[in-house]
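To start, the structure under review is shown below, and the notes come after it.
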Amino acid sequence: MTHQEHPPVDQPVPRDRLPALAKAAAAQAGGWALALLLARTGLVSHDVWAVVGTQALCAAAIAWSLRSDIWWVAIHLLFSPLLFAARSLALAPAWYLGGFVALGLIYWSSFRTGVPLFLSNRETAEAVAELLPQQRGASLLDIGSGTGALLLPLAELRPDARLVGIESAPAPFLIARLLARSRRALCVQRGDFFRHSWAEYDIIYAFLSPVPMTEVGKKARRELKPGALLVSNSFEVPGWRPERIVEVGDKRGTRLFVYTVDRAQERSGAKSVE
């Protein structure tokens with residue numbers, strides 16, 4: 001058991017007001033401006049790949065300085081090199097359209113919500129199964145359920161439980177729906193989990209990103225019934241103290257932050273469960 005410091009419950013947390021898309025546009029534009037300036041002054045070779053590589057490094061550095069999420073930094077490192085590499089292959093326009101459509105179906109609302117596609121593993125499902133109440137009919141809602149990576153193994157571990165997933169992106173939703181079609185207690189819906197009531201569930205499970213966690217906390221406080229749990233994979237709710245932290249023990253080093261919304265009492269600390 002380890003002691004961890006957490007901010008007071010409901011302490012105001014500074015929020016980044018610059019949208020992710022604005023950061024991305026600024027990083028790309030700034031990267032090209034710096035790369036072209038360095039090439040013009042002779043500090044970088046005029047060779048196209050030298051300029052493209054410099055642009056990628058500069059764009060990634062700008063994204064980092066703007067405190068973009070780490071996956072945005074990786075995208076900036078790869079975006080221009082891959083774009084120029086694809087041009088050199090002389091691919092038919094249909095391939096670009098197909099790639100765009102495929103990515104759109106997978107990452108349907110990621111630009112708006114700041115939530116990429118994260119997949120839970122079986123070890124995490126086992127840990128979550130232990131958190132579910134033992135009585136028959138215990139219920140769990142997976143917000144942003146993706147391809148059903150958590151719900152499918154959880155349905156095997158707890159066939160007596162009622163499991164519901166909500167996913168907005170079409171491709172992951174269809175995959176999960178197909179895989180779950182033979183499991184009666186498992187329901188996968190397409191939609192916005194912020195518009196779905198959380199009041200009837202024993203556990204709300206979230207594997208999202210830091211971006212929506214403040215709003216997730218607000219909705220949980222408004223709607224969760226007494227004793228219900230909010231379980232967040234990897235990302236804490238800003239300003240909240242977890243009741244406990246479950247170390248899953250997988251290769252990823254997954255940590256589950258377990259919160260109980262108690263309107264009458266503030267939590268005084270956190271427990272770490274190995």
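Identifiers in the structure tokens: chain A, B, ... in order shown; residue index from 1 per chain; ligand index from 1 in order shown.
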Close residues, A:Gly253 itself excluded, 12 Å, only C-alpha atoms, min 3 positions apart in chain, as a ChimeraX atom specification: /A:120-121,123-124,233-234,246-250,256,274
Keeping N, CA, C and O atoms, export the residues of the selection given above as a compact mmCIF listing (two decimals), in the first residue's frame.
```txt
# COMPACT_ATOMS: atom_id res chain seq x y z
N SER A 120 -9.25 -1.78 -23.64
CA SER A 120 -8.93 -2.43 -22.38
C SER A 120 -8.48 -3.87 -22.65
O SER A 120 -8.78 -4.44 -23.70
N ASN A 121 -7.77 -4.46 -21.70
CA ASN A 121 -7.32 -5.84 -21.86
C ASN A 121 -8.05 -6.76 -20.88
O ASN A 121 -8.83 -6.31 -20.04
N GLU A 123 -6.88 -8.54 -18.39
CA GLU A 123 -6.51 -8.33 -16.99
C GLU A 123 -7.34 -7.22 -16.35
O GLU A 123 -7.75 -7.33 -15.19
N THR A 124 -7.59 -6.17 -17.13
CA THR A 124 -8.43 -5.09 -16.63
C THR A 124 -9.86 -5.56 -16.42
O THR A 124 -10.51 -5.21 -15.43
N ASN A 233 -10.06 4.16 -16.00
CA ASN A 233 -8.82 3.51 -16.39
C ASN A 233 -7.80 4.58 -16.76
O ASN A 233 -7.99 5.32 -17.73
N SER A 234 -6.73 4.70 -15.97
CA SER A 234 -5.54 5.52 -16.28
C SER A 234 -5.69 7.01 -16.04
O SER A 234 -4.69 7.69 -15.79
N VAL A 246 -6.58 0.67 -7.97
CA VAL A 246 -6.31 -0.73 -8.23
C VAL A 246 -5.18 -0.84 -9.25
O VAL A 246 -5.29 -0.34 -10.37
N GLU A 247 -4.09 -1.45 -8.84
CA GLU A 247 -2.96 -1.72 -9.75
C GLU A 247 -3.26 -3.06 -10.43
O GLU A 247 -3.22 -4.12 -9.80
N VAL A 248 -3.55 -3.03 -11.72
CA VAL A 248 -3.98 -4.23 -12.43
C VAL A 248 -2.85 -5.26 -12.54
O VAL A 248 -3.08 -6.47 -12.51
N GLY A 249 -1.61 -4.78 -12.69
CA GLY A 249 -0.48 -5.68 -12.78
C GLY A 249 -0.24 -6.25 -14.17
O GLY A 249 0.41 -7.30 -14.32
N ASP A 250 -0.75 -5.58 -15.20
CA ASP A 250 -0.51 -6.02 -16.57
C ASP A 250 0.75 -5.35 -17.13
O ASP A 250 1.38 -4.52 -16.46
N LEU A 256 -6.53 1.57 -12.10
CA LEU A 256 -7.94 1.91 -12.08
C LEU A 256 -8.22 2.83 -10.90
O LEU A 256 -7.97 2.46 -9.74
N GLU A 274 -2.85 -3.60 -4.45
CA GLU A 274 -1.99 -4.34 -5.38
C GLU A 274 -2.77 -5.47 -6.00
O GLU A 274 -3.58 -6.10 -5.37
```
Can you pull out the residues contacting A:Ala176? Cut-off 9 Å, using only C-alpha atoms, and skip same-chain residues under 2 positions away; I want them as a tab-separated table (two decimals) with all heavy atoms, in the first residue's frame.
```
chain	number	residue	atom	x	y	z
A	145	SER	N	-17.22	2.57	-25.24
A	145	SER	CA	-16.90	1.14	-25.13
A	145	SER	C	-16.08	0.59	-26.28
A	145	SER	O	-15.66	-0.56	-26.23
A	145	SER	CB	-18.20	0.34	-24.99
A	145	SER	OG	-19.10	0.64	-26.04
A	146	GLY	N	-15.85	1.38	-27.34
A	146	GLY	CA	-14.98	0.94	-28.43
A	146	GLY	C	-15.47	-0.34	-29.08
A	146	GLY	O	-16.65	-0.50	-29.40
A	147	THR	N	-14.57	-1.30	-29.24
A	147	THR	CA	-14.90	-2.57	-29.89
A	147	THR	C	-15.41	-3.62	-28.90
A	147	THR	O	-15.55	-4.78	-29.26
A	147	THR	CB	-13.67	-3.13	-30.62
A	147	THR	OG1	-12.61	-3.33	-29.66
A	147	THR	CG2	-13.18	-2.17	-31.69
A	148	GLY	N	-15.65	-3.21	-27.67
A	148	GLY	CA	-16.11	-4.15	-26.66
A	148	GLY	C	-14.98	-4.89	-25.98
A	148	GLY	O	-15.20	-5.96	-25.40
A	149	ALA	N	-13.79	-4.31	-25.99
A	149	ALA	CA	-12.61	-4.99	-25.44
A	149	ALA	C	-12.75	-5.28	-23.95
A	149	ALA	O	-12.17	-6.25	-23.45
A	149	ALA	CB	-11.35	-4.16	-25.70
A	151	LEU	N	-16.06	-5.24	-22.34
A	151	LEU	CA	-17.35	-5.86	-22.10
A	151	LEU	C	-17.39	-7.34	-22.48
A	151	LEU	O	-18.02	-8.15	-21.79
A	151	LEU	CB	-18.43	-5.11	-22.88
A	151	LEU	CG	-18.70	-3.67	-22.43
A	151	LEU	CD1	-19.69	-3.00	-23.37
A	151	LEU	CD2	-19.22	-3.64	-21.00
A	152	LEU	N	-16.70	-7.72	-23.55
A	152	LEU	CA	-16.76	-9.11	-24.01
A	152	LEU	C	-16.15	-10.07	-23.00
A	152	LEU	O	-16.79	-11.05	-22.61
A	152	LEU	CB	-16.11	-9.24	-25.38
A	152	LEU	CG	-16.89	-8.55	-26.52
A	152	LEU	CD1	-16.04	-8.43	-27.77
A	152	LEU	CD2	-18.18	-9.32	-26.80
A	165	GLY	N	-22.77	-0.92	-23.15
A	165	GLY	CA	-21.70	-0.07	-23.68
A	165	GLY	C	-22.28	0.99	-24.59
A	165	GLY	O	-23.27	0.74	-25.29
A	171	ALA	N	-17.41	2.48	-36.75
A	171	ALA	CA	-16.68	1.22	-36.95
A	171	ALA	C	-16.51	0.43	-35.67
A	171	ALA	O	-16.86	-0.76	-35.62
A	171	ALA	CB	-15.34	1.50	-37.62
A	172	PRO	N	-15.97	1.02	-34.59
A	172	PRO	CA	-15.88	0.25	-33.34
A	172	PRO	C	-17.25	-0.23	-32.83
A	172	PRO	O	-17.36	-1.35	-32.32
A	172	PRO	CB	-15.26	1.26	-32.36
A	172	PRO	CG	-14.50	2.20	-33.22
A	172	PRO	CD	-15.33	2.34	-34.46
A	173	PHE	N	-18.28	0.60	-32.99
A	173	PHE	CA	-19.62	0.21	-32.56
A	173	PHE	C	-20.09	-1.04	-33.31
A	173	PHE	O	-20.60	-2.00	-32.71
A	173	PHE	CB	-20.60	1.35	-32.78
A	173	PHE	CG	-22.05	0.92	-32.78
A	173	PHE	CD1	-22.67	0.56	-31.60
A	173	PHE	CD2	-22.75	0.83	-33.97
A	173	PHE	CE1	-24.00	0.13	-31.60
A	173	PHE	CE2	-24.07	0.42	-33.97
A	173	PHE	CZ	-24.70	0.06	-32.78
A	174	LEU	N	-19.92	-1.05	-34.63
A	174	LEU	CA	-20.37	-2.19	-35.43
A	174	LEU	C	-19.59	-3.46	-35.06
A	174	LEU	O	-20.18	-4.55	-34.98
A	174	LEU	CB	-20.21	-1.88	-36.92
A	174	LEU	CG	-21.20	-0.86	-37.49
A	174	LEU	CD1	-20.85	-0.53	-38.92
A	174	LEU	CD2	-22.63	-1.38	-37.39
A	178	LEU	N	-21.43	-6.76	-33.48
A	178	LEU	CA	-21.33	-8.09	-34.10
A	178	LEU	C	-20.78	-9.11	-33.11
A	178	LEU	O	-21.28	-10.24	-33.01
A	178	LEU	CB	-20.44	-8.03	-35.34
A	178	LEU	CG	-21.03	-7.32	-36.56
A	178	LEU	CD1	-19.97	-7.16	-37.64
A	178	LEU	CD2	-22.22	-8.11	-37.10
A	179	LEU	N	-19.75	-8.74	-32.36
A	179	LEU	CA	-19.14	-9.66	-31.41
A	179	LEU	C	-20.06	-9.97	-30.24
A	179	LEU	O	-19.97	-11.04	-29.62
A	179	LEU	CB	-17.82	-9.09	-30.90
A	179	LEU	CG	-16.70	-8.96	-31.94
A	179	LEU	CD1	-15.49	-8.25	-31.33
A	179	LEU	CD2	-16.30	-10.32	-32.48
A	180	ALA	N	-20.96	-9.03	-29.91
A	180	ALA	CA	-21.82	-9.19	-28.74
A	180	ALA	C	-23.18	-9.77	-29.08
A	180	ALA	O	-24.01	-9.95	-28.18
A	180	ALA	CB	-22.01	-7.83	-28.06
A	181	ARG	N	-23.42	-10.10	-30.34
A	181	ARG	CA	-24.78	-10.47	-30.74
A	181	ARG	C	-25.29	-11.75	-30.06
A	181	ARG	O	-26.50	-11.95	-29.92
A	181	ARG	CB	-24.85	-10.64	-32.26
A	181	ARG	CG	-24.01	-11.77	-32.83
A	181	ARG	CD	-24.04	-11.75	-34.36
A	181	ARG	NE	-23.34	-12.87	-34.95
A	181	ARG	CZ	-22.03	-12.94	-35.11
A	181	ARG	NH1	-21.27	-11.92	-34.71
A	181	ARG	NH2	-21.47	-14.00	-35.66
A	188	VAL	N	-24.86	-3.19	-26.61
A	188	VAL	CA	-24.00	-2.13	-27.11
A	188	VAL	C	-24.84	-1.15	-27.90
A	188	VAL	O	-25.56	-1.54	-28.83
A	188	VAL	CB	-22.86	-2.69	-27.98
A	188	VAL	CG1	-21.96	-1.56	-28.45
A	188	VAL	CG2	-22.05	-3.73	-27.22
```
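Separating atom CA of A:Ala206 from atom CA of A:Asp160 is a distance of 21.2 Å.
Pairwise distance (atom CA of A:Arg244, atom CA of A:Gln135) equals 21.6 Å.
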Counting only C-alpha atoms, which residues of stretch 236-265 of chain A sit at most 12 Å from some atom of stretch 208-212 of chain A, and what is each one's closest atom pair with its distance in Å to one decimal, listed by chain and rising residue number, as JSON lines?
```
{"residue": "A:Glu236", "atom": "CA", "partner": "A:Pro210", "partner_atom": "CA", "distance": 7.4}
{"residue": "A:Val237", "atom": "CA", "partner": "A:Pro210", "partner_atom": "CA", "distance": 8.0}
{"residue": "A:Pro238", "atom": "CA", "partner": "A:Pro210", "partner_atom": "CA", "distance": 8.6}
```
Best match for closeness to A:Leu132 among A:Trp49, A:Trp198, A:Phe84, A:Tyr205, counting only C-alpha atoms: A:Tyr205
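Between atom CA of A:Ala22 and atom CA of A:Leu34 there is a distance of 18.0 Å.
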Which of stretch 38-266 of chain A DSSP labels alpha helix (DSSP H), written as an MDAnalysis selection string: chainID A and resid 38:40 48:65 70:88 93:106 110:113 122:131 151:157 170:179 213:223
Report the residues of stretch 52-274 of chain A whose backbone DSSP state falls under strand (DSSP E or B), written as a JSON list (two decimals) with N, CA, C and O atoms, in the first residue's frame.
```
[["chain", "number", "residue", "atom", "x", "y", "z"],
["A", 139, "SER", "N", -25.03, -4.14, -12.46],
["A", 139, "SER", "CA", -25.00, -3.48, -13.77],
["A", 139, "SER", "C", -23.77, -2.59, -13.93],
["A", 139, "SER", "O", -23.29, -1.99, -12.97],
["A", 140, "LEU", "N", -23.30, -2.53, -15.16],
["A", 140, "LEU", "CA", -22.13, -1.70, -15.51],
["A", 140, "LEU", "C", -22.37, -1.03, -16.84],
["A", 140, "LEU", "O", -22.87, -1.65, -17.79],
["A", 141, "LEU", "N", -22.01, 0.24, -16.92],
["A", 141, "LEU", "CA", -22.06, 1.00, -18.17],
["A", 141, "LEU", "C", -20.65, 1.39, -18.56],
["A", 141, "LEU", "O", -19.94, 2.04, -17.79],
["A", 142, "ASP", "N", -20.22, 0.97, -19.74],
["A", 142, "ASP", "CA", -18.90, 1.32, -20.28],
["A", 142, "ASP", "C", -19.10, 2.51, -21.21],
["A", 142, "ASP", "O", -19.69, 2.38, -22.28],
["A", 143, "ILE", "N", -18.63, 3.69, -20.79],
["A", 143, "ILE", "CA", -18.81, 4.90, -21.61],
["A", 143, "ILE", "C", -17.62, 5.02, -22.56],
["A", 143, "ILE", "O", -16.48, 5.11, -22.16],
["A", 162, "ARG", "N", -25.58, -7.33, -15.83],
["A", 162, "ARG", "CA", -26.15, -6.60, -16.98],
["A", 162, "ARG", "C", -25.12, -5.58, -17.43],
["A", 162, "ARG", "O", -24.78, -4.65, -16.69],
["A", 163, "LEU", "N", -24.64, -5.73, -18.64],
["A", 163, "LEU", "CA", -23.54, -4.92, -19.16],
["A", 163, "LEU", "C", -24.01, -4.11, -20.35],
["A", 163, "LEU", "O", -24.60, -4.65, -21.29],
["A", 164, "VAL", "N", -23.71, -2.82, -20.33],
["A", 164, "VAL", "CA", -24.13, -1.91, -21.41],
["A", 164, "VAL", "C", -22.92, -1.10, -21.84],
["A", 164, "VAL", "O", -22.12, -0.65, -21.01],
["A", 165, "GLY", "N", -22.77, -0.92, -23.15],
["A", 165, "GLY", "CA", -21.70, -0.07, -23.68],
["A", 165, "GLY", "C", -22.28, 0.99, -24.59],
["A", 165, "GLY", "O", -23.27, 0.74, -25.29],
["A", 166, "ILE", "N", -21.67, 2.16, -24.58],
["A", 166, "ILE", "CA", -22.07, 3.24, -25.48],
["A", 166, "ILE", "C", -20.84, 3.70, -26.24],
["A", 166, "ILE", "O", -19.80, 4.01, -25.65],
["A", 167, "GLU", "N", -20.94, 3.74, -27.57],
["A", 167, "GLU", "CA", -19.83, 4.14, -28.43],
["A", 167, "GLU", "C", -20.36, 5.03, -29.54],
["A", 167, "GLU", "O", -21.41, 4.74, -30.13],
["A", 186, "LEU", "N", -25.49, -8.56, -22.67],
["A", 186, "LEU", "CA", -24.60, -7.50, -23.13],
["A", 186, "LEU", "C", -25.29, -6.69, -24.22],
["A", 186, "LEU", "O", -25.73, -7.23, -25.23],
["A", 187, "CYS", "N", -25.39, -5.40, -23.98],
["A", 187, "CYS", "CA", -26.05, -4.49, -24.92],
["A", 187, "CYS", "C", -25.07, -3.38, -25.31],
["A", 187, "CYS", "O", -24.52, -2.71, -24.44],
["A", 188, "VAL", "N", -24.86, -3.19, -26.61],
["A", 188, "VAL", "CA", -24.00, -2.13, -27.11],
["A", 188, "VAL", "C", -24.84, -1.15, -27.90],
["A", 188, "VAL", "O", -25.56, -1.54, -28.83],
["A", 189, "GLN", "N", -24.75, 0.12, -27.53],
["A", 189, "GLN", "CA", -25.53, 1.16, -28.18],
["A", 189, "GLN", "C", -24.60, 2.19, -28.81],
["A", 189, "GLN", "O", -23.47, 2.37, -28.36],
["A", 190, "ARG", "N", -25.11, 2.87, -29.84],
["A", 190, "ARG", "CA", -24.35, 3.95, -30.45],
["A", 190, "ARG", "C", -24.96, 5.27, -30.02],
["A", 190, "ARG", "O", -26.17, 5.47, -30.10],
["A", 203, "ILE", "N", -21.83, 0.48, -11.64],
["A", 203, "ILE", "CA", -20.48, 0.95, -12.01],
["A", 203, "ILE", "C", -20.54, 1.67, -13.35],
["A", 203, "ILE", "O", -21.18, 1.20, -14.29],
["A", 204, "ILE", "N", -19.89, 2.82, -13.40],
["A", 204, "ILE", "CA", -19.61, 3.50, -14.66],
["A", 204, "ILE", "C", -18.13, 3.30, -14.92],
["A", 204, "ILE", "O", -17.29, 3.70, -14.11],
["A", 205, "TYR", "N", -17.80, 2.68, -16.05],
["A", 205, "TYR", "CA", -16.39, 2.44, -16.40],
["A", 205, "TYR", "C", -16.01, 3.38, -17.54],
["A", 205, "TYR", "O", -16.72, 3.50, -18.54],
["A", 206, "ALA", "N", -14.84, 4.03, -17.39],
["A", 206, "ALA", "CA", -14.37, 4.98, -18.40],
["A", 206, "ALA", "C", -12.90, 4.73, -18.72],
["A", 206, "ALA", "O", -12.09, 4.62, -17.80],
["A", 229, "LEU", "N", -20.15, 3.19, -8.22],
["A", 229, "LEU", "CA", -18.73, 3.49, -8.44],
["A", 229, "LEU", "C", -18.50, 4.10, -9.81],
["A", 229, "LEU", "O", -19.14, 3.71, -10.80],
["A", 230, "LEU", "N", -17.59, 5.04, -9.86],
["A", 230, "LEU", "CA", -17.02, 5.52, -11.11],
["A", 230, "LEU", "C", -15.61, 4.97, -11.18],
["A", 230, "LEU", "O", -14.78, 5.26, -10.31],
["A", 231, "VAL", "N", -15.33, 4.15, -12.18],
["A", 231, "VAL", "CA", -14.02, 3.52, -12.33],
["A", 231, "VAL", "C", -13.37, 4.05, -13.60],
["A", 231, "VAL", "O", -13.89, 3.84, -14.71],
["A", 232, "SER", "N", -12.26, 4.75, -13.44],
["A", 232, "SER", "CA", -11.58, 5.36, -14.58],
["A", 232, "SER", "C", -10.24, 4.66, -14.81],
["A", 232, "SER", "O", -9.39, 4.60, -13.91],
["A", 233, "ASN", "N", -10.06, 4.16, -16.00],
["A", 233, "ASN", "CA", -8.82, 3.51, -16.39],
["A", 233, "ASN", "C", -7.80, 4.58, -16.76],
["A", 233, "ASN", "O", -7.99, 5.32, -17.73],
["A", 244, "ARG", "N", -9.98, 4.33, -3.83],
["A", 244, "ARG", "CA", -8.83, 3.43, -3.90],
["A", 244, "ARG", "C", -8.30, 3.40, -5.32],
["A", 244, "ARG", "O", -8.97, 3.84, -6.26],
["A", 245, "ILE", "N", -7.09, 2.89, -5.45],
["A", 245, "ILE", "CA", -6.45, 2.75, -6.75],
["A", 245, "ILE", "C", -6.07, 1.29, -6.93],
["A", 245, "ILE", "O", -5.34, 0.72, -6.11],
["A", 246, "VAL", "N", -6.58, 0.67, -7.97],
["A", 246, "VAL", "CA", -6.31, -0.73, -8.23],
["A", 246, "VAL", "C", -5.18, -0.84, -9.25],
["A", 246, "VAL", "O", -5.29, -0.34, -10.37],
["A", 247, "GLU", "N", -4.09, -1.45, -8.84],
["A", 247, "GLU", "CA", -2.96, -1.72, -9.75],
["A", 247, "GLU", "C", -3.26, -3.06, -10.43],
["A", 247, "GLU", "O", -3.22, -4.12, -9.80],
["A", 255, "ARG", "N", -3.75, 1.31, -14.17],
["A", 255, "ARG", "CA", -4.25, 1.68, -12.85],
["A", 255, "ARG", "C", -5.71, 2.09, -13.00],
["A", 255, "ARG", "O", -6.07, 2.84, -13.89],
["A", 256, "LEU", "N", -6.53, 1.57, -12.10],
["A", 256, "LEU", "CA", -7.94, 1.91, -12.08],
["A", 256, "LEU", "C", -8.22, 2.83, -10.90],
["A", 256, "LEU", "O", -7.97, 2.46, -9.74],
["A", 257, "PHE", "N", -8.71, 4.03, -11.18],
["A", 257, "PHE", "CA", -9.06, 4.99, -10.14],
["A", 257, "PHE", "C", -10.54, 4.78, -9.80],
["A", 257, "PHE", "O", -11.41, 4.96, -10.67],
["A", 258, "VAL", "N", -10.79, 4.37, -8.58],
["A", 258, "VAL", "CA", -12.14, 4.00, -8.16],
["A", 258, "VAL", "C", -12.71, 5.10, -7.27],
["A", 258, "VAL", "O", -12.14, 5.42, -6.22],
["A", 259, "TYR", "N", -13.85, 5.66, -7.69],
["A", 259, "TYR", "CA", -14.48, 6.76, -6.96],
["A", 259, "TYR", "C", -15.88, 6.35, -6.52],
["A", 259, "TYR", "O", -16.61, 5.71, -7.27],
["A", 260, "THR", "N", -16.23, 6.72, -5.31],
["A", 260, "THR", "CA", -17.60, 6.62, -4.83],
["A", 260, "THR", "C", -18.12, 8.03, -4.60],
["A", 260, "THR", "O", -17.52, 8.80, -3.84],
["A", 271, "LYS", "N", -6.44, 4.70, -1.12],
["A", 271, "LYS", "CA", -5.76, 3.44, -0.85],
["A", 271, "LYS", "C", -5.26, 2.89, -2.17],
["A", 271, "LYS", "O", -5.91, 3.00, -3.20],
["A", 272, "SER", "N", -4.10, 2.27, -2.15],
["A", 272, "SER", "CA", -3.57, 1.62, -3.34],
["A", 272, "SER", "C", -3.67, 0.12, -3.14],
["A", 272, "SER", "O", -3.15, -0.41, -2.15],
["A", 273, "VAL", "N", -4.36, -0.56, -4.03],
["A", 273, "VAL", "CA", -4.59, -1.98, -3.90],
["A", 273, "VAL", "C", -3.74, -2.72, -4.92],
["A", 273, "VAL", "O", -3.85, -2.47, -6.12]]
```
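When only C-alpha atoms are used to measure the gap to A:Pro153, the shortest distance among A:Arg122, A:Arg184, A:Arg40, A:His76 belongs to A:Arg122.
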Residue contacts of A:Gln55 (8 Å, only C-alpha atoms) excluding same-chain residues fewer than 2 positions away, as an MDAnalysis selection string: chainID A and resid 28 31:32 34:35 51:53 57:59 80
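Residue nearest A:Phe194, chosen from A:Trp64, A:Pro159, A:Ile175, A:Gly144 and counting only C-alpha atoms: A:Gly144.
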